[in-house]
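Chemist: So here's coords_1.csv, just CSV, C-alpha atoms (C1' of nucleotides):
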chain,number,residue,atom,x,y,z
A,1,MET,CA,2.7,13.7,23.1
A,2,THR,CA,3.0,10.7,25.4
A,3,GLU,CA,0.0,11.4,27.5
A,4,PRO,CA,-0.1,8.5,29.8
A,5,GLY,CA,-3.6,8.9,31.1
A,6,THR,CA,-5.3,11.7,29.2
A,7,GLY,CA,-7.5,11.6,32.1
A,8,PRO,CA,-9.4,14.5,33.7
A,9,GLY,CA,-7.7,17.8,33.1
A,10,THR,CA,-7.1,17.4,29.4
A,11,GLY,CA,-10.1,19.4,28.4
A,12,GLY,CA,-12.9,18.9,30.7
A,13,GLU,CA,-14.3,15.5,29.8
A,14,SER,CA,-12.3,12.4,30.4
A,15,LEU,CA,-11.6,11.5,26.7
A,16,LEU,CA,-10.4,8.1,27.5
A,17,PHE,CA,-10.6,7.1,23.9
A,18,LEU,CA,-7.8,9.5,23.0
A,19,THR,CA,-5.2,7.7,25.0
A,20,ASP,CA,-1.9,6.9,23.3
A,21,GLU,CA,-2.8,3.3,23.9
A,22,GLN,CA,-6.2,3.6,22.2
A,23,LEU,CA,-4.7,5.4,19.3
A,24,ARG,CA,-2.1,2.8,18.9
A,25,LYS,CA,-4.8,0.1,18.7
A,26,GLY,CA,-6.5,2.2,16.1
A,27,ILE,CA,-3.3,2.3,14.1
A,28,GLU,CA,-2.8,-1.4,14.3
A,29,ALA,CA,-6.5,-2.0,13.4
A,30,MET,CA,-6.0,0.1,10.3
A,31,PHE,CA,-3.0,-1.9,9.3
A,32,PHE,CA,-4.5,-5.3,9.7
A,33,ALA,CA,-7.8,-4.3,8.3
A,34,TYR,CA,-6.3,-2.9,5.1
A,35,ARG,CA,-4.6,-6.2,4.5
A,36,GLY,CA,-8.0,-7.8,4.6
A,37,PHE,CA,-9.4,-5.1,2.5
A,38,THR,CA,-7.1,-5.8,-0.4
A,39,ALA,CA,-6.7,-9.5,0.0
A,40,ASP,CA,-9.6,-10.8,-2.1
A,41,PRO,CA,-9.0,-8.7,-5.2
A,42,ASP,CA,-5.2,-9.4,-4.9
A,43,ARG,CA,-6.0,-13.1,-5.0
A,44,ILE,CA,-8.0,-12.7,-8.1
A,45,LEU,CA,-5.4,-10.5,-9.8
A,46,ASP,CA,-2.6,-12.9,-8.9
A,47,GLY,CA,-2.0,-15.1,-11.9
A,48,MET,CA,-3.4,-12.5,-14.4
A,49,ASP,CA,-0.9,-10.1,-15.6
A,50,TYR,CA,-2.4,-7.3,-13.5
A,51,GLY,CA,-1.9,-6.0,-10.0
A,52,ARG,CA,-3.4,-3.7,-7.4
A,53,ALA,CA,-2.5,-0.7,-9.6
A,54,HIS,CA,-4.7,-2.0,-12.4
A,55,HIS,CA,-7.5,-2.7,-10.0
A,56,ARG,CA,-7.4,0.9,-8.8
A,57,ALA,CA,-7.5,2.3,-12.3
A,58,LEU,CA,-10.4,0.0,-13.2
A,59,HIS,CA,-12.3,1.0,-10.1
A,60,PHE,CA,-12.2,4.7,-10.7
A,61,ILE,CA,-12.7,4.5,-14.4
A,62,HIS,CA,-15.8,2.5,-13.7
A,63,ARG,CA,-16.8,5.0,-11.1
A,64,ALA,CA,-16.3,8.1,-13.2
A,65,PRO,CA,-16.7,7.0,-16.8
A,66,GLY,CA,-15.2,9.4,-19.3
A,67,THR,CA,-12.8,10.8,-16.8
A,68,THR,CA,-9.6,12.3,-18.2
A,69,VAL,CA,-6.1,11.0,-17.6
A,70,ASN,CA,-5.3,14.1,-15.6
A,71,ASN,CA,-8.3,13.7,-13.3
A,72,LEU,CA,-7.5,10.0,-12.7
A,73,LEU,CA,-4.0,11.0,-11.9
A,74,SER,CA,-5.0,13.4,-9.2
A,75,ILE,CA,-7.4,10.8,-7.7
A,76,LEU,CA,-4.9,8.1,-7.6
A,77,GLY,CA,-2.0,10.3,-6.5
A,78,VAL,CA,0.6,8.8,-8.8
A,79,THR,CA,2.7,10.3,-11.6
A,80,LYS,CA,1.5,10.1,-15.2
A,81,GLN,CA,4.4,7.9,-16.0
A,82,SER,CA,3.3,5.4,-13.4
A,83,LEU,CA,-0.3,5.5,-14.4
A,84,ASN,CA,0.6,5.4,-18.1
A,85,ARG,CA,2.3,2.0,-17.7
A,86,VAL,CA,-0.8,0.6,-16.2
A,87,LEU,CA,-3.2,2.3,-18.6
A,88,ARG,CA,-1.3,1.2,-21.6
A,89,THR,CA,-1.6,-2.5,-20.8
A,90,LEU,CA,-5.3,-2.1,-20.0
A,91,ILE,CA,-5.9,-0.4,-23.3
A,92,GLU,CA,-3.8,-2.9,-25.3
A,93,ASP,CA,-5.7,-5.7,-23.7
A,94,GLY,CA,-9.0,-4.1,-24.6
A,95,LEU,CA,-10.3,-3.4,-21.0
A,96,VAL,CA,-10.2,0.3,-21.3
A,97,GLU,CA,-11.0,2.6,-24.2
A,98,SER,CA,-9.3,5.9,-24.6
A,99,ARG,CA,-11.3,8.5,-26.6
A,100,VAL,CA,-10.0,11.8,-27.9
A,101,GLY,CA,-12.0,14.6,-26.3
A,102,ARG,CA,-14.6,16.3,-28.4
A,103,GLN,CA,-14.3,19.8,-27.1
A,104,ASP,CA,-10.7,19.6,-26.1
A,105,LYS,CA,-8.9,17.3,-28.4
A,106,ARG,CA,-5.8,17.2,-26.1
A,107,GLU,CA,-7.8,15.3,-23.5
A,108,ARG,CA,-8.4,11.5,-23.5
A,109,HIS,CA,-11.6,10.3,-22.0
A,110,LEU,CA,-11.3,6.8,-20.4
A,111,VAL,CA,-14.1,4.3,-20.3
A,112,LEU,CA,-14.3,0.6,-19.6
A,113,THR,CA,-15.1,-1.8,-22.4
A,114,PRO,CA,-17.5,-4.7,-21.7
A,115,LYS,CA,-14.5,-6.8,-21.0
A,116,GLY,CA,-13.2,-4.2,-18.6
A,117,GLU,CA,-16.5,-4.0,-16.9
A,118,ASP,CA,-16.5,-7.7,-16.4
A,119,LEU,CA,-13.1,-7.7,-14.6
A,120,GLU,CA,-14.1,-4.7,-12.6
A,121,ARG,CA,-17.3,-6.3,-11.4
A,122,GLN,CA,-15.4,-9.5,-10.5
A,123,LEU,CA,-12.9,-7.6,-8.4
A,124,SER,CA,-15.4,-5.3,-6.7
A,125,ASP,CA,-17.8,-8.1,-6.1
A,126,ALA,CA,-15.1,-9.8,-4.1
A,127,GLN,CA,-14.2,-6.7,-2.2
A,128,ARG,CA,-17.8,-5.8,-1.5
A,129,ALA,CA,-18.5,-9.3,-0.2
A,130,ARG,CA,-16.0,-8.8,2.5
A,131,MET,CA,-17.2,-5.3,3.2
A,132,ARG,CA,-20.8,-6.5,3.3
A,133,ALA,CA,-20.0,-9.2,5.8
A,134,ALA,CA,-18.1,-6.7,8.0
A,135,TYR,CA,-20.9,-4.2,7.8
A,136,ARG,CA,-23.5,-6.8,8.6
A,137,ALA,CA,-21.5,-8.0,11.6
A,138,ALA,CA,-20.9,-4.6,12.9
A,139,GLY,CA,-24.3,-3.0,12.4
A,140,PRO,CA,-25.5,0.3,11.0
A,141,VAL,CA,-24.4,2.5,13.9
A,142,ALA,CA,-20.9,1.1,13.8
A,143,VAL,CA,-20.8,1.6,10.0
A,144,GLN,CA,-21.8,5.2,10.5
A,145,GLY,CA,-18.9,5.7,13.0
A,146,PHE,CA,-16.5,3.9,10.7
A,147,ARG,CA,-17.2,6.2,7.8
A,148,THR,CA,-17.0,9.3,10.0
A,149,VAL,CA,-13.6,8.5,11.4
A,150,LEU,CA,-12.2,7.5,8.0
A,151,GLU,CA,-13.4,10.9,6.5
A,152,ALA,CA,-11.8,12.7,9.4
A,153,MET,CA,-8.5,10.9,8.7
A,154,MET,CA,-8.2,12.0,5.1
A,155,ASP,CA,-6.1,14.9,3.9
A,156,PRO,CA,-8.4,17.8,3.1
A,157,GLU,CA,-7.7,17.6,-0.6
A,158,LEU,CA,-8.4,13.9,-0.7
A,159,ARG,CA,-11.5,14.5,1.3
A,160,ARG,CA,-12.8,16.8,-1.4
A,161,GLN,CA,-12.1,14.2,-4.1
A,162,TYR,CA,-13.9,11.6,-2.0
A,163,GLN,CA,-16.9,13.9,-1.5
A,164,THR,CA,-17.1,14.5,-5.2
A,165,LEU,CA,-17.2,10.9,-6.0
A,166,LYS,CA,-19.7,10.3,-3.2
A,167,GLU,CA,-22.1,12.8,-4.6
A,168,ALA,CA,-21.6,11.4,-8.1
A,169,GLY,CA,-22.7,7.9,-7.1
A,170,ALA,CA,-26.4,7.5,-6.2
B,1,MET,CA,-24.4,-9.2,-6.0
B,2,THR,CA,-25.8,-6.1,-7.7
B,3,GLU,CA,-28.6,-5.5,-5.3
B,4,PRO,CA,-29.9,-2.2,-6.5
B,5,GLY,CA,-32.1,-1.5,-3.5
B,6,THR,CA,-31.4,-4.1,-0.9
B,7,GLY,CA,-34.7,-2.7,0.4
B,8,PRO,CA,-37.3,-4.7,2.3
B,9,GLY,CA,-37.3,-8.4,1.5
B,10,THR,CA,-33.5,-8.9,1.8
B,11,GLY,CA,-33.7,-10.2,5.3
B,12,GLY,CA,-36.4,-8.5,7.2
B,13,GLU,CA,-35.0,-5.1,8.2
B,14,SER,CA,-34.3,-2.6,5.6
B,15,LEU,CA,-30.5,-2.8,5.7
B,16,LEU,CA,-30.0,0.3,3.6
B,17,PHE,CA,-26.4,0.5,4.7
B,18,LEU,CA,-25.7,-2.7,2.8
B,19,THR,CA,-26.4,-1.3,-0.6
B,20,ASP,CA,-23.8,-1.8,-3.2
B,21,GLU,CA,-23.5,2.0,-3.4
B,22,GLN,CA,-22.9,2.3,0.4
B,23,LEU,CA,-20.3,-0.5,0.2
B,24,ARG,CA,-18.6,1.3,-2.6
B,25,LYS,CA,-18.4,4.4,-0.6
B,26,GLY,CA,-16.9,2.5,2.2
B,27,ILE,CA,-14.3,1.0,-0.1
B,28,GLU,CA,-13.3,4.5,-1.4
B,29,ALA,CA,-13.3,5.9,2.1
B,30,MET,CA,-10.8,3.1,3.1
B,31,PHE,CA,-8.6,3.9,0.1
B,32,PHE,CA,-8.4,7.7,0.7
B,33,ALA,CA,-8.2,7.3,4.5
B,34,TYR,CA,-5.3,4.9,4.2
B,35,ARG,CA,-3.4,7.5,2.2
B,36,GLY,CA,-3.8,10.0,5.0
B,37,PHE,CA,-3.0,7.3,7.5
B,38,THR,CA,0.5,6.8,6.1
B,39,ALA,CA,1.2,10.3,4.8
B,40,ASP,CA,2.8,11.8,7.9
B,41,PRO,CA,5.3,9.0,8.7
B,42,ASP,CA,6.1,8.7,5.0
B,43,ARG,CA,6.9,12.4,4.9
B,44,ILE,CA,9.3,12.0,7.8
B,45,LEU,CA,10.9,8.9,6.3
B,46,ASP,CA,11.4,10.6,3.0
B,47,GLY,CA,14.9,11.9,2.9
B,48,MET,CA,16.1,9.3,5.4
B,49,ASP,CA,17.2,6.1,3.9
B,50,TYR,CA,14.1,4.3,5.2
B,51,GLY,CA,10.6,3.6,4.0
B,52,ARG,CA,7.3,2.4,5.1
B,53,ALA,CA,8.6,-1.1,5.6
B,54,HIS,CA,11.1,0.1,8.1
B,55,HIS,CA,8.4,2.0,9.9
B,56,ARG,CA,6.3,-1.1,10.3
B,57,ALA,CA,9.3,-3.1,11.6
B,58,LEU,CA,10.1,-0.4,14.2
B,59,HIS,CA,6.5,-0.2,15.2
B,60,PHE,CA,6.1,-3.9,16.0
B,61,ILE,CA,9.5,-4.4,17.6
B,62,HIS,CA,8.6,-1.5,19.8
B,63,ARG,CA,5.3,-3.1,20.5
B,64,ALA,CA,6.6,-6.6,21.2
B,65,PRO,CA,10.2,-6.2,22.4
B,66,GLY,CA,12.3,-9.3,22.2
B,67,THR,CA,10.1,-10.8,19.5
B,68,THR,CA,11.8,-13.3,17.1
B,69,VAL,CA,12.2,-12.7,13.4
B,70,ASN,CA,9.7,-15.5,12.7
B,71,ASN,CA,7.1,-13.9,14.8
B,72,LEU,CA,7.6,-10.5,13.2
B,73,LEU,CA,7.3,-12.2,9.9
B,74,SER,CA,3.9,-13.5,10.6
B,75,ILE,CA,2.7,-10.2,11.9
B,76,LEU,CA,3.9,-8.3,8.9
B,77,GLY,CA,2.9,-10.9,6.4
B,78,VAL,CA,6.0,-10.7,4.2
B,79,THR,CA,8.6,-13.2,3.4
B,80,LYS,CA,11.6,-13.5,5.6
B,81,GLN,CA,13.9,-12.4,2.8
B,82,SER,CA,12.0,-9.2,2.4
B,83,LEU,CA,12.0,-8.5,6.1
B,84,ASN,CA,15.6,-9.4,6.4
B,85,ARG,CA,16.7,-6.6,4.0
B,86,VAL,CA,14.9,-4.1,6.1
B,87,LEU,CA,16.1,-5.5,9.4
B,88,ARG,CA,19.7,-5.6,8.2
B,89,THR,CA,19.8,-1.9,7.5
B,90,LEU,CA,18.1,-1.1,10.8
B,91,ILE,CA,20.7,-3.3,12.6
B,92,GLU,CA,23.6,-1.8,10.7
B,93,ASP,CA,22.4,1.7,11.6
B,94,GLY,CA,22.1,0.8,15.2
B,95,LEU,CA,18.3,1.2,15.5
B,96,VAL,CA,17.6,-2.4,16.2
B,97,GLU,CA,19.6,-5.0,18.2
B,98,SER,CA,19.5,-8.6,17.3
B,99,ARG,CA,20.3,-11.0,20.1
B,100,VAL,CA,20.9,-14.7,19.6
B,101,GLY,CA,18.4,-16.7,21.5
B,102,ARG,CA,19.5,-18.2,24.8
B,103,GLN,CA,17.5,-21.4,24.6
B,104,ASP,CA,17.3,-21.7,20.8
B,105,LYS,CA,20.4,-20.3,19.2
B,106,ARG,CA,18.7,-20.3,15.8
B,107,GLU,CA,16.4,-17.5,16.9
B,108,ARG,CA,17.2,-13.8,16.9
B,109,HIS,CA,15.4,-11.6,19.5
B,110,LEU,CA,14.8,-8.1,18.3
B,111,VAL,CA,14.8,-5.0,20.4
B,112,LEU,CA,15.0,-1.3,19.7
B,113,THR,CA,18.1,0.6,20.8
B,114,PRO,CA,17.6,4.1,22.3
B,115,LYS,CA,18.2,5.5,18.8
B,116,GLY,CA,15.6,3.1,17.4
B,117,GLU,CA,13.1,4.2,20.1
B,118,ASP,CA,13.7,7.8,19.2
B,119,LEU,CA,12.8,7.3,15.5
B,120,GLU,CA,9.9,5.0,16.4
B,121,ARG,CA,8.5,7.7,18.7
B,122,GLN,CA,8.9,10.4,16.1
B,123,LEU,CA,7.0,8.4,13.6
B,124,SER,CA,4.3,7.2,15.8
B,125,ASP,CA,3.8,10.7,17.3
B,126,ALA,CA,3.1,12.0,13.9
B,127,GLN,CA,0.7,9.1,13.1
B,128,ARG,CA,-1.0,9.4,16.4
B,129,ALA,CA,-1.5,13.1,16.0
B,130,ARG,CA,-3.6,12.6,12.9
B,131,MET,CA,-5.4,9.7,14.5
B,132,ARG,CA,-6.1,11.8,17.6
B,133,ALA,CA,-7.5,14.7,15.5
B,134,ALA,CA,-9.7,12.3,13.6
B,135,TYR,CA,-10.9,10.6,16.8
B,136,ARG,CA,-11.6,13.9,18.5
B,137,ALA,CA,-13.5,15.2,15.5
B,138,ALA,CA,-15.6,12.0,15.2
B,139,GLY,CA,-16.3,11.4,18.9
B,140,PRO,CA,-16.2,8.3,21.1
B,141,VAL,CA,-19.2,6.6,19.6
B,142,ALA,CA,-17.9,6.9,16.1
B,143,VAL,CA,-14.5,5.6,17.2
B,144,GLN,CA,-16.1,2.5,18.7
B,145,GLY,CA,-17.9,1.8,15.4
B,146,PHE,CA,-14.7,2.4,13.5
B,147,ARG,CA,-12.8,-0.2,15.5
B,148,THR,CA,-15.7,-2.6,15.3
B,149,VAL,CA,-15.9,-2.5,11.5
B,150,LEU,CA,-12.1,-2.7,11.1
B,151,GLU,CA,-12.0,-5.8,13.2
B,152,ALA,CA,-14.8,-7.4,11.3
B,153,MET,CA,-12.9,-6.7,8.1
B,154,MET,CA,-9.7,-8.6,9.0
B,155,ASP,CA,-8.8,-12.1,8.0
B,156,PRO,CA,-9.5,-14.4,11.0
B,157,GLU,CA,-5.8,-15.1,11.4
B,158,LEU,CA,-4.8,-11.5,11.4
B,159,ARG,CA,-7.6,-10.8,13.8
B,160,ARG,CA,-6.0,-13.2,16.2
B,161,GLN,CA,-2.7,-11.4,15.8
B,162,TYR,CA,-4.4,-8.1,16.4
B,163,GLN,CA,-6.2,-9.3,19.5
B,164,THR,CA,-2.9,-10.7,20.9
B,165,LEU,CA,-1.2,-7.3,20.5
B,166,LYS,CA,-4.3,-5.6,21.9
B,167,GLU,CA,-4.2,-7.5,25.1
B,168,ALA,CA,-0.4,-7.1,25.4
B,169,GLY,CA,-0.7,-3.4,25.5
B,170,ALA,CA,-2.4,-1.7,28.4
C,1,DG,C1',-0.1,35.2,-36.2
C,2,DA,C1',3.5,33.9,-32.9
C,3,DA,C1',4.6,32.4,-28.5
C,4,DT,C1',3.3,30.0,-24.5
C,5,DT,C1',0.9,26.8,-21.9
C,6,DT,C1',-1.6,22.5,-21.3
C,7,DA,C1',-2.6,17.5,-21.9
C,8,DC,C1',-0.9,13.5,-23.0
C,9,DG,C1',2.5,10.0,-24.3
C,10,DT,C1',7.1,7.9,-24.0
C,11,DC,C1',12.1,6.7,-23.1
C,12,DA,C1',15.5,5.9,-19.7
C,13,DG,C1',16.9,5.0,-15.3
C,14,DC,C1',16.5,4.7,-10.3
C,15,DC,C1',14.4,3.1,-5.6
C,16,DT,C1',11.6,0.4,-2.4
C,17,DT,C1',9.6,-3.6,-1.3
C,18,DG,C1',7.6,-7.5,-2.6
C,19,DT,C1',8.8,-12.4,-4.6
C,20,DT,C1',11.4,-17.4,-5.3
C,21,DG,C1',15.4,-20.3,-5.0
C,22,DA,C1',19.5,-21.9,-3.0
C,23,DC,C1',22.5,-22.1,1.0
C,24,DT,C1',24.2,-22.3,6.1
C,25,DT,C1',23.7,-23.1,10.9
C,26,DT,C1',21.3,-25.0,14.6
C,27,DC,C1',18.1,-28.0,16.8
C,28,DC,C1',15.7,-32.2,17.6
C,29,DA,C1',14.0,-36.6,17.1
C,30,DA,C1',14.2,-41.3,15.0
D,1,DT,C1',24.4,-40.1,15.0
D,2,DT,C1',22.3,-38.8,11.4
D,3,DG,C1',18.6,-36.8,8.7
D,4,DG,C1',15.1,-33.5,8.6
D,5,DA,C1',13.0,-29.3,9.9
D,6,DA,C1',13.5,-24.6,11.3
D,7,DA,C1',15.8,-19.9,11.5
D,8,DG,C1',18.3,-16.9,9.1
D,9,DT,C1',21.2,-15.1,5.0
D,10,DC,C1',22.6,-14.1,0.1
D,11,DA,C1',21.3,-13.5,-4.9
D,12,DA,C1',18.4,-12.3,-8.4
D,13,DC,C1',14.2,-10.8,-10.3
D,14,DA,C1',9.4,-8.2,-10.7
D,15,DA,C1',5.9,-4.7,-9.7
D,16,DG,C1',5.1,-0.3,-9.2
D,17,DG,C1',6.4,3.9,-7.3
D,18,DC,C1',9.7,8.1,-8.7
D,19,DT,C1',12.4,11.9,-11.5
D,20,DG,C1',14.0,14.0,-15.7
D,21,DA,C1',14.0,14.9,-20.5
D,22,DC,C1',11.7,15.2,-24.7
D,23,DG,C1',7.9,15.2,-28.5
D,24,DT,C1',3.4,16.4,-30.3
D,25,DA,C1',-0.9,18.3,-30.7
D,26,DA,C1',-4.3,21.5,-29.3
D,27,DA,C1',-5.6,25.5,-26.8
D,28,DT,C1',-4.8,30.0,-25.0
D,29,DT,C1',-2.6,34.4,-24.6
D,30,DC,C1',-0.1,38.2,-26.2
Starting from the file, give its structure as structure tokens.
Modeler:
Amino acid sequence: MTEPGTGPGTGGESLLFLTDEQLRKGIEAMFFAYRGFTADPDRILDGMDYGRAHHRALHFIHRAPGTTVNNLLSILGVTKQSLNRVLRTLIEDGLVESRVGRQDKRERHLVLTPKGEDLERQLSDAQRARMRAAYRAAGPVAVQGFRTVLEAMMDPELRRQYQTLKEAGA
Amino acid sequence: MTEPGTGPGTGGESLLFLTDEQLRKGIEAMFFAYRGFTADPDRILDGMDYGRAHHRALHFIHRAPGTTVNNLLSILGVTKQSLNRVLRTLIEDGLVESRVGRQDKRERHLVLTPKGEDLERQLSDAQRARMRAAYRAAGPVAVQGFRTVLEAMMDPELRRQYQTLKEAGA
DNA sequence: GAATTTACGTCAGCCTTGTTGACTTTCCAA
DNA sequence: TTGGAAAGTCAACAAGGCTGACGTAAATTC
């Protein structure tokens, strides 16, 4: 590490964009941008009895209706105890419905109720609004690059999860 | 919201990249990529008595040596009480030095000790390695777009903080 | 048919990292 | 010189992660 220049000699081209300094800027950009990314939904959730964890659950249940608890677990990357706490309140409050599986009765299939859809829409509208503004300001070429780098940054297993969802939608 | 096509008629150009579906993919990409982004440092920290909050403090103290607690506070966006707990352990363990201000004795100026620099380097090496791989795989044009979109996604105030740091380095 | 595995739920308890509130010390300005 | 504002510290609490242990029902395997 600590390649001060990464100038000629590193591989053939100059690869100035791989400088430690450039990478550090990317890291900081990621940090600050993620704050913006979560800010709007967080603001909406604040005051309700829910938090970011509930938002994530609603998002992915909306995205993959009828998903099982186990599947949601692996997407979110948390323990079942942790998810269960969140899920329990969402079910009690009538935002999520848990249906016993028809084939495999051990499984629970999760779907949003109309009330759950409402909140999910409210949250994702806010998040998309910011995203839309950023996309519009940056333009389609930049957006393409944005997505490419993000995908390259994922762990292989998460990338697979992401691809699966990507294909499912549209 | 809920623009199913966002086809012609939205503004003039086709703007296919502003579809709700495209935005949703961007949101999910952000979610999964951030997991990868923090995974390597988290793994290193795990087992030590430190966490992500310590990493962030080390990063920005390294980046802006001699910064005051207050300044660090506004960069990190947490309360001083929250930062203080993290800072206290880092100081006790001899990773960070806190110097009473010369002009204003209320202020504490923070610098990393050699030991602190060591850990910071270890963490940021790991994080940069992933970043570097992603950048290399995506190419310079994509990286440019990545940075552009991230900047556009930040809150205006955070964007200013980010710009300031960006100018400071290099 | 019995034993094992799987999917899910739950209780208990811990840790990190965020929060608010109350308190000192220090500085500065009226 | 005194009263308020600012920087930092201590205490207590909440959200949301975690592990470990256990229970139950359903599916699968032997």
Chemist: For the point (20.4, -15.9, 2.2) in the file's frame, write as a PyMOL selection string all residues with an atom no more than 7 Å away, counting only C-alpha atoms (C1' of nucleotides).
Modeler: (chain C and resi 23) or (chain D and resi 9-10)
Chemist: By how many Å are CA of Arg85 (chain B) and CA of Phe32 (chain B) apart?
Modeler: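 CA of Arg85 (chain B) sits 29.1 Å away from CA of Phe32 (chain B).
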Chemist: Contacts of DC18 (chain D) at 10 Å or less, counting all atoms listed in the file, minus same-chain residues fewer than 2 places along, as a list of chain:residue names?
Modeler: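 Surrounding residues, per the criterion: A:Val78, A:Thr79, A:Gln81, A:Ser82, C:DC14, C:DC15, D:DG16.
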Chemist: Write out as a VMD selection string each polymer residue whose atoms come within 12 Å of Ala133 (chain B), counting all atoms listed in the file; drop sequence neighbours fewer than 6 positions from it.
Modeler: (chain A and resid 17 to 18 23 149 to 155) or (chain B and resid 37 126 to 127 139 143)
Chemist: Just give me the gap between CA of Val96 (chain A) and CA of Glu28 (chain B) in Å, one decimal is fine.
Modeler: 20.6 Å
Chemist: How close does each residue of chain A get to chain C, giving the shortest atom pair and distance in Å to one decimal for every residue with an atom at most 9 Å away, counting all atoms listed in the file, sorted by chain and residue number, as JSON lines?
Modeler:
{"residue": "A:Val69", "atom": "CA", "partner": "C:DC8", "partner_atom": "C1'", "distance": 7.9}
{"residue": "A:Asn70", "atom": "CA", "partner": "C:DA7", "partner_atom": "C1'", "distance": 7.7}
{"residue": "A:Lys80", "atom": "CA", "partner": "C:DC8", "partner_atom": "C1'", "distance": 8.8}
{"residue": "A:Gln81", "atom": "CA", "partner": "C:DT10", "partner_atom": "C1'", "distance": 8.4}
{"residue": "A:Asn84", "atom": "CA", "partner": "C:DG9", "partner_atom": "C1'", "distance": 8.0}
{"residue": "A:Arg106", "atom": "CA", "partner": "C:DA7", "partner_atom": "C1'", "distance": 5.3}
{"residue": "A:Glu107", "atom": "CA", "partner": "C:DA7", "partner_atom": "C1'", "distance": 5.9}
{"residue": "A:Arg108", "atom": "CA", "partner": "C:DC8", "partner_atom": "C1'", "distance": 7.8}
Chemist: If we count all atoms listed in the file, which residues of chain D reach to within 9 Å of chain B? Please list them as a count of residues only.
Modeler: 4
Chemist: Between A:Leu123, A:Ile75, A:Ala129, A:Leu112, which is the closest to Asp46 (chain A) once you count only C-alpha atoms?
Modeler: A:Leu123
Chemist: Should the cut-off be 8 Å, what would the residue list for chain B against chain A look like, counting only C-alpha atoms, as a PyMOL selection string?
Modeler: chain B and resi 1+15+17-18+20-21+23-30+32-37+125+127-128+130-138+140-155+158-159+162+166+169-170
Chemist: Would you export the selected residues with C-alpha atoms as a CSV table (one decimal), in the frame of the given file, please?
Modeler:
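Done, and the output landed in out-v2.csv:
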chain,number,residue,atom,x,y,z
B,1,MET,CA,-24.4,-9.2,-6.0
B,15,LEU,CA,-30.5,-2.8,5.7
B,17,PHE,CA,-26.4,0.5,4.7
B,18,LEU,CA,-25.7,-2.7,2.8
B,20,ASP,CA,-23.8,-1.8,-3.2
B,21,GLU,CA,-23.5,2.0,-3.4
B,23,LEU,CA,-20.3,-0.5,0.2
B,24,ARG,CA,-18.6,1.3,-2.6
B,25,LYS,CA,-18.4,4.4,-0.6
B,26,GLY,CA,-16.9,2.5,2.2
B,27,ILE,CA,-14.3,1.0,-0.1
B,28,GLU,CA,-13.3,4.5,-1.4
B,29,ALA,CA,-13.3,5.9,2.1
B,30,MET,CA,-10.8,3.1,3.1
B,32,PHE,CA,-8.4,7.7,0.7
B,33,ALA,CA,-8.2,7.3,4.5
B,34,TYR,CA,-5.3,4.9,4.2
B,35,ARG,CA,-3.4,7.5,2.2
B,36,GLY,CA,-3.8,10.0,5.0
B,37,PHE,CA,-3.0,7.3,7.5
B,125,ASP,CA,3.8,10.7,17.3
B,127,GLN,CA,0.7,9.1,13.1
B,128,ARG,CA,-1.0,9.4,16.4
B,130,ARG,CA,-3.6,12.6,12.9
B,131,MET,CA,-5.4,9.7,14.5
B,132,ARG,CA,-6.1,11.8,17.6
B,133,ALA,CA,-7.5,14.7,15.5
B,134,ALA,CA,-9.7,12.3,13.6
B,135,TYR,CA,-10.9,10.6,16.8
B,136,ARG,CA,-11.6,13.9,18.5
B,137,ALA,CA,-13.5,15.2,15.5
B,138,ALA,CA,-15.6,12.0,15.2
B,140,PRO,CA,-16.2,8.3,21.1
B,141,VAL,CA,-19.2,6.6,19.6
B,142,ALA,CA,-17.9,6.9,16.1
B,143,VAL,CA,-14.5,5.6,17.2
B,144,GLN,CA,-16.1,2.5,18.7
B,145,GLY,CA,-17.9,1.8,15.4
B,146,PHE,CA,-14.7,2.4,13.5
B,147,ARG,CA,-12.8,-0.2,15.5
B,148,THR,CA,-15.7,-2.6,15.3
B,149,VAL,CA,-15.9,-2.5,11.5
B,150,LEU,CA,-12.1,-2.7,11.1
B,151,GLU,CA,-12.0,-5.8,13.2
B,152,ALA,CA,-14.8,-7.4,11.3
B,153,MET,CA,-12.9,-6.7,8.1
B,154,MET,CA,-9.7,-8.6,9.0
B,155,ASP,CA,-8.8,-12.1,8.0
B,158,LEU,CA,-4.8,-11.5,11.4
B,159,ARG,CA,-7.6,-10.8,13.8
B,162,TYR,CA,-4.4,-8.1,16.4
B,166,LYS,CA,-4.3,-5.6,21.9
B,169,GLY,CA,-0.7,-3.4,25.5
B,170,ALA,CA,-2.4,-1.7,28.4
Chemist: Take CA of Ser74 (chain A) and CA of Asp49 (chain B) and report the distance between them in Å, one decimal.
Modeler: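 Separation of CA of Ser74 (chain A) and CA of Asp49 (chain B): 26.8 Å.
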